[in-house]
Protein chains: 4
Amino acid sequence: MPTTATRETKHSTLWAQYQSVRAQSEAICAPLEPEDYVVQSMPDCSPVKWHLAHTSWFFETFLLKPHLDGYQSPHPQYDYLFNSYYNSIGERHCRPKRGLVSRPTVTDVYAYRGHVDAHIRLLWETLGEAQRAEIGPLLELGLNHEQQHQELMVTDLKHLFHENPLCPVYQTPGPSLHLPATGPQEAQWITFSAGLRSVGFQGEGFFFDNEGPRHPEWVPGFQLASRLVTNREWLAFIEDGGYQKPEHWLSEGWATAQAHQWQAPLYWWQKRGTDWQEFTLGGMRPLDLDEPVCHVSLFEADAYAAWAGARLPTEAEWEVASETVPLAGQFSDSGGFHPAHAPAQDGLTQMFGDLWQWTRSQYSPYPGDKALPGALGEYNGKFMCNQFVLRGGSCATPQSHLRRTYRNFFSPDARWQFSGLRLAKDHDADAKGL
Amino acid sequence: MPTTATRETKHSTLWAQYQSVRAQSEAICAPLEPEDYVVQSMPDCSPVKWHLAHTSWFFETFLLKPHLDGYQSPHPQYDYLFNSYYNSIGERHCRPKRGLVSRPTVTDVYAYRGHVDAHIRLLWETLGEAQRAEIGPLLELGLNHEQQHQELMVTDLKHLFHENPLCPVYQTPGPSLHLPATGPQEAQWITFSAGLRSVGFQGEGFFFDNEGPRHPEWVPGFQLASRLVTNREWLAFIEDGGYQKPEHWLSEGWATAQAHQWQAPLYWWQKRGTDWQEFTLGGMRPLDLDEPVCHVSLFEADAYAAWAGARLPTEAEWEVASETVPLAGQFSDSGGFHPAHAPAQDGLTQMFGDLWQWTRSQYSPYPGDKALPGALGEYNGKFMCNQFVLRGGSCATPQSHLRRTYRNFFSPDARWQFSGLRLAKDHDADAKGL
Amino acid sequence: MPTTATRETKHSTLWAQYQSVRAQSEAICAPLEPEDYVVQSMPDCSPVKWHLAHTSWFFETFLLKPHLDGYQSPHPQYDYLFNSYYNSIGERHCRPKRGLVSRPTVTDVYAYRGHVDAHIRLLWETLGEAQRAEIGPLLELGLNHEQQHQELMVTDLKHLFHENPLCPVYQTPGPSLHLPATGPQEAQWITFSAGLRSVGFQGEGFFFDNEGPRHPEWVPGFQLASRLVTNREWLAFIEDGGYQKPEHWLSEGWATAQAHQWQAPLYWWQKRGTDWQEFTLGGMRPLDLDEPVCHVSLFEADAYAAWAGARLPTEAEWEVASETVPLAGQFSDSGGFHPAHAPAQDGLTQMFGDLWQWTRSQYSPYPGDKALPGALGEYNGKFMCNQFVLRGGSCATPQSHLRRTYRNFFSPDARWQFSGLRLAKDHDADAKGL
Amino acid sequence: MPTTATRETKHSTLWAQYQSVRAQSEAICAPLEPEDYVVQSMPDCSPVKWHLAHTSWFFETFLLKPHLDGYQSPHPQYDYLFNSYYNSIGERHCRPKRGLVSRPTVTDVYAYRGHVDAHIRLLWETLGEAQRAEIGPLLELGLNHEQQHQELMVTDLKHLFHENPLCPVYQTPGPSLHLPATGPQEAQWITFSAGLRSVGFQGEGFFFDNEGPRHPEWVPGFQLASRLVTNREWLAFIEDGGYQKPEHWLSEGWATAQAHQWQAPLYWWQKRGTDWQEFTLGGMRPLDLDEPVCHVSLFEADAYAAWAGARLPTEAEWEVASETVPLAGQFSDSGGFHPAHAPAQDGLTQMFGDLWQWTRSQYSPYPGDKALPGALGEYNGKFMCNQFVLRGGSCATPQSHLRRTYRNFFSPDARWQFSGLRLAKDHDADAKGL
């Protein structure tokens, strides 16, 4: 049981985190014009204005309204406009119409953020330690929630600027784009033996409900590639007709690729007879062949792996392997918002940061899974259908947000996230099993 | 043949018109926030920012580029972004994606307007009278074109604000909404006898190509209602099950009404058990039963007329009748942007302004019609399919833009324009014919 | 007033027509297997089984149920299944699902026809002359209705067989496909002067409500091509990039052609590097360049005319011109079901039979038009939106079904009817008008 | 290694199976009219005619063409028409258009079956034992494939007849519909303890590639309901607003249920104010409350389980539990084609036959999974995305077709299969794990 002193430290840390996370959301918007906040470039994306307001709505709904007597929202309709998908909270604005709402203006939304911040401070300051202990987890959830939206703000802005024929530049390319030369071109295979393993979160600190409970899982022997698949390797797939050969593809993947006429990763662009370009948050630039391939769907990643004579890892394999390396890598904290070359070192690299890594695991509840009570029970569980798990975080993920057990998930056709892949293989020596 | 003096007068008038029309577009935007300029609330609408730029592009494309040596557009991509539908000019941005483009910003667009205005002035000032005579008609076309977009800006803004659950107010209601009481509730029938009439434009001054040539047309005897159909009358249609009875409707109209679940005009709104409200540019307010019914489609107008034992007029009937009254009414010049009560006077009223009046005439070329050469040939003719003609102008039309022969046209399911209806009947005494 | 003798003759003729028309529907089915009766190859088409039943339902609904005491339909659900579009009659089966109904079987449907025929005979035989005079027009309407469906059976079967990769043959080609060589390749222009004309049906005998009333119309001077446009001429349009040049097309036509990737008329087919083939009811065969081009939409016909520096005729022009030649041509009576070469003769040819001729006239009510009372009022009027008029009949129309005033109408994108075109031009000498 | 004698027995058994399975497909068609063979009632279904031909095409493609010298297919286009989804075999007819093909006729298709049967017999008789041993597995695969299509023929016919407003009867209800009264209304919970288990097929005899390899899997303690969920229980879910409460549903499930306006299982039907009816292959009849609920999607099954405070089993749980009871139940062999009451006995019942049981397991490859080489590699693996596993077989599955390890899979919105559900729960006593 934590002592009062520990608690106090924890709580003042939490308050510092609150200020830092909230400020970070606004820092992401520094390069924007008011017009950039308004647009929803596809139904999966949201306007930046909406992200800023919705993350504030989350604190208002789950902290202020139930716990701060007499709290008044600045506008009675904000609840309707800024609820994302919590059916239990009430009616909400239709998701694909988020970009049709020019009011509240950007100024109004910043005022809403200020209003919520001021009242959260008021709430926090008036609470005793016992109440803080009760409410702290909700505050922490709100911060982790806001960090998720920070990543979405970055990926949604990238999509928005790419939809614009003028290809606007979000920021001038930072240092992360000029890394030293990468290691040897061939990735190594790292071997892991079979065994009954423990998977899922256990311990102190924040985690999402979908990461637990920690539970036993038999993991057969397997091999993981030492680094992410590169643009150079992906180009070989393209040039070998990878996008034209149905035999490598999942049936639904092939149908999707045909319907959308996919011929390369999202944001690759080629003028006839010239080299490939890639759209980045620093604008359009020549494709760097040693960078990891990015903005591919699960469908493409799976087809690539089959073409390469390998497969994607399961999420249990990924998690077991991740325990052998430190949780470090290129996260959003660097401000680069673009994946980097693999370091020239032996062993397992690029396990964290850079790019979310598709697994072959469809997103399912862990054994013994219990949903949170009330509206927060809708946070994760109801999406456990037709989603695949990604692991490891990306260059748009805050480092403090990630854990080894972190389960991100997207539809298998999603391409606008910072998503890449790492190959895996069965390790036959261990296949004898039980 | 005009004298030099006449010409000079005409040209200085034209220049004054240029300044006035261009300023009027910007005056419409006075109540807007930058965010309001960005959104496209449905594919038929365009962002206000786009309207402001496209009308400038028109002058750039048809006057500056061909006639002003060394003219440079501020951005090489503006041509791609701001072409509306002129296939002959080149590739263009996909219409339904106009709302995805946050840049150029509103400030950029106003700079573009300034750039075009400055160069038009330069062009105009450096031209001799002969050249002005050659180029004047194009300038005049550009101004009429911009006036058309002024009306669209108003109707698109109304649609945009209505899509917003906050129902923003564009302007506080002006005096036009507080007119004195209307005349007797029953409209009168005004009779017109049969005869061979002339229809279409002939004479001095600007007209659109679709208004000519003036040509003979046999118009049988008919009767026109003395005023527009009112909200009170439309409510009787609703209450009699007009939206539930297919027998009054065109087949495609019925299918459309079912598919979109139309139960009332666009912008009407009713909370269960309370009176009807109407969304206006002054916000949501109680329905005024004596105002003309507005924002109905041709499909609804036609069904109403059938239900009422009457029909819509043909455009020839409307034009012949319009010659008996002065071209006056409530136009956008009043700034009210809302239709008014019918005046308490005898005879034909509300023929001009207030609301565009649906006719039963499908939009077709007049006999002897010749399209303009080049890209301007695309201005009107290519839309002569599945559109119905509307006549008379509306409260969002500049008075100087209208003529008796003016042919507006929209798809029969369009409801976001200021469109209403006036009933007509055959006049049997004249039906004996030839 | 007709004498009794005339009436009797008329009535026995009518009865002979009943027998002949009903037999003709079944004769069209002689080459079919049971499986061929079931399929609906697109929503615009109906299964042949449905046509056979629906035409019987028409007699049942409008004659037997109201006029034959104690009449019982063989199945209480037939009314639901075989109503086409008469909202006033009651609920009905959803049109696009007609092909999902395997029962009643073909045998059941022939039994239904027999049942209706027997009861119509019973009704007719028990009626006195006065009652026959009252009911005769309904019987005549039923026969004309069935003739319309005979044409649809042929065009729907052609579409069905073309959808089948095996390209089944409906019938071995008949003599109409081996006509003697055609006349000179250049069509002549036949000139008609301006004047106030009478248009529409007047006189004895059956006509559809949309053909009247006969009314005055001012028709400016015009020229008509002496024959239909040929495959050879259409090929020149294709080779000149006609399907790639938006400037010739109506805006909606161009969008439609792009969406469906139209590159040639429906039923044309070309293997790379070889000559064009055409699918006919006699199977796939080399394209005959001297035959009139067939299975083109209004959109294509209009674009062709614009490309050729001409236009399509109005329906009034067509009707006025048609009065100068006898009503004769290749109709379905010949059994060929394919258009023939133009005869090698001077003057206006191919005005009747061979192919329906698209006009530029959008389908609208004539002045003074009155809908029939009750359900039959839905026969024609409710389609007067987004349809264009075709004139002249086709090789699939029974000759006895056609009149000079006959107004056929289809959506401007329809291609599966036997539809072709004839060019027209303004005749300037007469353009001075009033 | 098997002796020659064993082999011979095995081979003559195989031949007997061939004759029996092929005859069974035709027996299913005994009640049909030719028209019933033609229709495709939705894209997921196929015409019966197509099933009969496609199963023959499978033998032709994988046995006759590669192994019988000089074999000629009766028609060069059958390969195009009757390939289902094998991209490696070549181009094929578009699935949703299978119902547009009236030819080949039913008679032609039976002739095709006869042709294939005769040549399979010829091939088989001319082979030596060694060759039979090589080809035998393909023959066995073809038979199992045909058994899968037998089940689809039944479910597709049920859907077809249900689409018909006449609700045709496939067969008069058989004895299986009149079972004695069921056991106690409350299902029991049967407990299984945690442990490392083996899952997947191992041993002699045919199995599908997706059932292997057998592999270790840690299965936590769980409880299974002793029988399937009944109509009575489902009605309680409906009456408690189960279809109106989003909180029980997967997000995509809720969206699907709303989009299709699901209010009850497929084939349930209720006239206002009366009791529920259910459409069966014996026609429409009153809902039997003690029968297991049928024709529910995974989405509905999952929502029901959440509402009931339970969950669906995983496929590993189901398989482990299934090993405790004999593989017996009501299969298609009984000819009833309808699920029966649960027997009045203790312990786990209805594990096999009656209804396929949805599991919460998304369909994924087993560890160590290897696809078959060549086109047969497309048999199963490429569907491992957005499908859920069902276990246990149904009243439309041949008993000889099923194994405990059999993995059926359908999209979570599929409702036209004989699909039901059994509840499961975590067993906390075992939840301590590793």
# chains A, B, ... in the order shown; residues from 1 in each chain; ligands from 1
$ interface_residues --of "chain B" --to "chain A" --cutoff "6 Å" --atoms "only C-alpha atoms" --output "ChimeraX atom specification"
/B:35-36,39,41,100-102,164
$ residues_around --residues "B:Leu355" --least-positions-apart "6" --cutoff "7 Å" --atoms "only C-alpha atoms" --output "NGL selection string"
:B and (339 or 393-395 or 418-420)
$ write_last_selection --atoms "C-alpha atoms" --output "PDB file, in the first residue's frame"
ATOM      1  CA  PRO B 339     -39.011  35.975 -49.152  1.00  0.00           C
ATOM      2  CA  GLY B 393     -35.194  35.693 -59.555  1.00  0.00           C
ATOM      3  CA  SER B 394     -35.169  35.548 -55.782  1.00  0.00           C
ATOM      4  CA  CYS B 395     -34.363  37.472 -52.634  1.00  0.00           C
ATOM      5  CA  PHE B 418     -34.635  29.948 -52.929  1.00  0.00           C
ATOM      6  CA  SER B 419     -37.246  28.109 -54.970  1.00  0.00           C
ATOM      7  CA  GLY B 420     -41.012  28.298 -54.677  1.00  0.00           C
TER       8      GLY B 420
END
$ select_by_dssp --residues "stretch 204-300 of chain B" --states "strand (DSSP E or B)" --output "list in words"
His215, Pro216, Glu217, Trp218, Val219, Phe222, Gln223, Leu224, Ala225, Thr230, Trp268, Trp269, Gln277, Glu278, Phe279, Thr280, Gly283, Met284, Arg285, Pro286 and Pro292 of chain B
$ write_last_selection --atoms "C-alpha atoms" --output "PDB file, in the first residue's frame"
ATOM      1  CA  HIS B 215     -38.611  33.090 -81.562  1.00  0.00           C
ATOM      2  CA  PRO B 216     -42.319  32.537 -82.166  1.00  0.00           C
ATOM      3  CA  GLU B 217     -44.169  30.117 -79.916  1.00  0.00           C
ATOM      4  CA  TRP B 218     -47.862  29.255 -79.849  1.00  0.00           C
ATOM      5  CA  VAL B 219     -49.067  29.743 -76.295  1.00  0.00           C
ATOM      6  CA  PHE B 222     -53.928  29.858 -69.515  1.00  0.00           C
ATOM      7  CA  GLN B 223     -54.451  31.220 -66.046  1.00  0.00           C
ATOM      8  CA  LEU B 224     -51.823  32.140 -63.479  1.00  0.00           C
ATOM      9  CA  ALA B 225     -52.296  32.498 -59.752  1.00  0.00           C
ATOM     10  CA  THR B 230     -47.801  30.167 -49.145  1.00  0.00           C
ATOM     11  CA  TRP B 268     -38.625  23.150 -41.905  1.00  0.00           C
ATOM     12  CA  TRP B 269     -38.261  21.526 -38.524  1.00  0.00           C
ATOM     13  CA  GLN B 277     -39.990  26.183 -37.147  1.00  0.00           C
ATOM     14  CA  GLU B 278     -38.055  27.358 -40.183  1.00  0.00           C
ATOM     15  CA  PHE B 279     -34.313  27.812 -40.436  1.00  0.00           C
ATOM     16  CA  THR B 280     -33.405  31.146 -42.038  1.00  0.00           C
ATOM     17  CA  GLY B 283     -31.519  31.612 -37.431  1.00  0.00           C
ATOM     18  CA  MET B 284     -34.335  29.272 -36.481  1.00  0.00           C
ATOM     19  CA  ARG B 285     -37.724  30.949 -36.058  1.00  0.00           C
ATOM     20  CA  PRO B 286     -41.451  30.093 -36.065  1.00  0.00           C
ATOM     21  CA  PRO B 292     -44.374  32.022 -49.687  1.00  0.00           C
TER      22      PRO B 292
END
$ closest_residue --among "B:Ser364, B:Gln150, B:Thr405, B:Thr13" --to "B:Trp318" --atoms "only C-alpha atoms"
B:Thr405
$ residues_around --residues "C:Ser411" --least-positions-apart "4" --cutoff "8 Å" --atoms "only C-alpha atoms" --output "ChimeraX atom specification"
/C:298,386-388
$ select_by_dssp --residues "stretch 209-424 of chain A" --states "alpha helix (DSSP H)" --output "JSON, numbers by chain"
{"A": [231, 232, 233, 234, 235, 236, 237, 238, 239, 251, 252, 253, 254, 255, 256, 257, 258, 259, 298, 299, 300, 301, 302, 303, 304, 305, 306, 307, 315, 316, 317, 318, 319, 320, 321, 322]}
$ atom_distance --atom1 "atom CA of B:Gln72" --atom2 "atom CA of C:Pro246"
27.9 Å
$ residues_around --residues "C:Asp69" --least-positions-apart "3" --cutoff "12 Å" --atoms "only C-alpha atoms" --output "PDB file with N, CA and C atoms, in the first residue's frame"
ATOM      1  N   LEU C  63     -60.304  -5.334 -66.415  1.00  0.00           N
ATOM      2  CA  LEU C  63     -61.533  -5.841 -67.028  1.00  0.00           C
ATOM      3  C   LEU C  63     -62.243  -6.871 -66.156  1.00  0.00           C
ATOM      4  N   LEU C  64     -61.524  -7.941 -65.783  1.00  0.00           N
ATOM      5  CA  LEU C  64     -62.236  -9.049 -65.145  1.00  0.00           C
ATOM      6  C   LEU C  64     -62.717  -8.688 -63.737  1.00  0.00           C
ATOM      7  N   LYS C  65     -61.820  -8.165 -62.927  1.00  0.00           N
ATOM      8  CA  LYS C  65     -62.240  -7.893 -61.543  1.00  0.00           C
ATOM      9  C   LYS C  65     -63.397  -6.886 -61.475  1.00  0.00           C
ATOM     10  N   PRO C  66     -63.333  -5.781 -62.240  1.00  0.00           N
ATOM     11  CA  PRO C  66     -64.472  -4.843 -62.115  1.00  0.00           C
ATOM     12  C   PRO C  66     -65.718  -5.283 -62.877  1.00  0.00           C
ATOM     13  N   GLN C  72     -62.462 -14.991 -59.944  1.00  0.00           N
ATOM     14  CA  GLN C  72     -61.432 -15.325 -58.965  1.00  0.00           C
ATOM     15  C   GLN C  72     -60.089 -15.445 -59.666  1.00  0.00           C
ATOM     16  N   HIS C 119     -61.607 -16.370 -69.278  1.00  0.00           N
ATOM     17  CA  HIS C 119     -62.577 -15.476 -68.622  1.00  0.00           C
ATOM     18  C   HIS C 119     -62.822 -14.201 -69.427  1.00  0.00           C
ATOM     19  N   LEU C 122     -65.362 -15.344 -71.837  1.00  0.00           N
ATOM     20  CA  LEU C 122     -66.642 -15.441 -71.134  1.00  0.00           C
ATOM     21  C   LEU C 122     -67.268 -14.061 -70.966  1.00  0.00           C
ATOM     22  N   LEU C 123     -66.450 -13.126 -70.508  1.00  0.00           N
ATOM     23  CA  LEU C 123     -66.934 -11.764 -70.309  1.00  0.00           C
ATOM     24  C   LEU C 123     -67.457 -11.179 -71.610  1.00  0.00           C
ATOM     25  N   THR C 126     -70.686 -12.669 -72.964  1.00  0.00           N
ATOM     26  CA  THR C 126     -71.917 -12.391 -72.221  1.00  0.00           C
ATOM     27  C   THR C 126     -72.321 -10.926 -72.291  1.00  0.00           C
TER      28      THR C 126
END
$ atom_distance --atom1 "atom CA of C:Tyr18" --atom2 "atom CA of C:His159"
28.1 Å
$ residues_around --residues "C:Gln185" --least-positions-apart "5" --cutoff "12 Å" --atoms "only C-alpha atoms" --output "PyMOL selection string"
chain C and resi 226-233+289-292+341-345
$ residues_around --residues "B:Pro326" --least-positions-apart "4" --cutoff "10 Å" --atoms "only C-alpha atoms" --output "list in words"
Ser322, Thr349, Met351, Phe352 and Arg404 of chain B
$ atom_distance --atom1 "atom CA of D:Gly212" --atom2 "atom CA of D:Gly200"
5.1 Å
$ residues_around --residues "A:Glu317" --least-positions-apart "6" --cutoff "12 Å" --atoms "only C-alpha atoms" --output "MDAnalysis selection string"
(chainID A and resid 190:200 217:225 323:324 359:361 391 404:405 422:427) or (chainID D and resid 367)
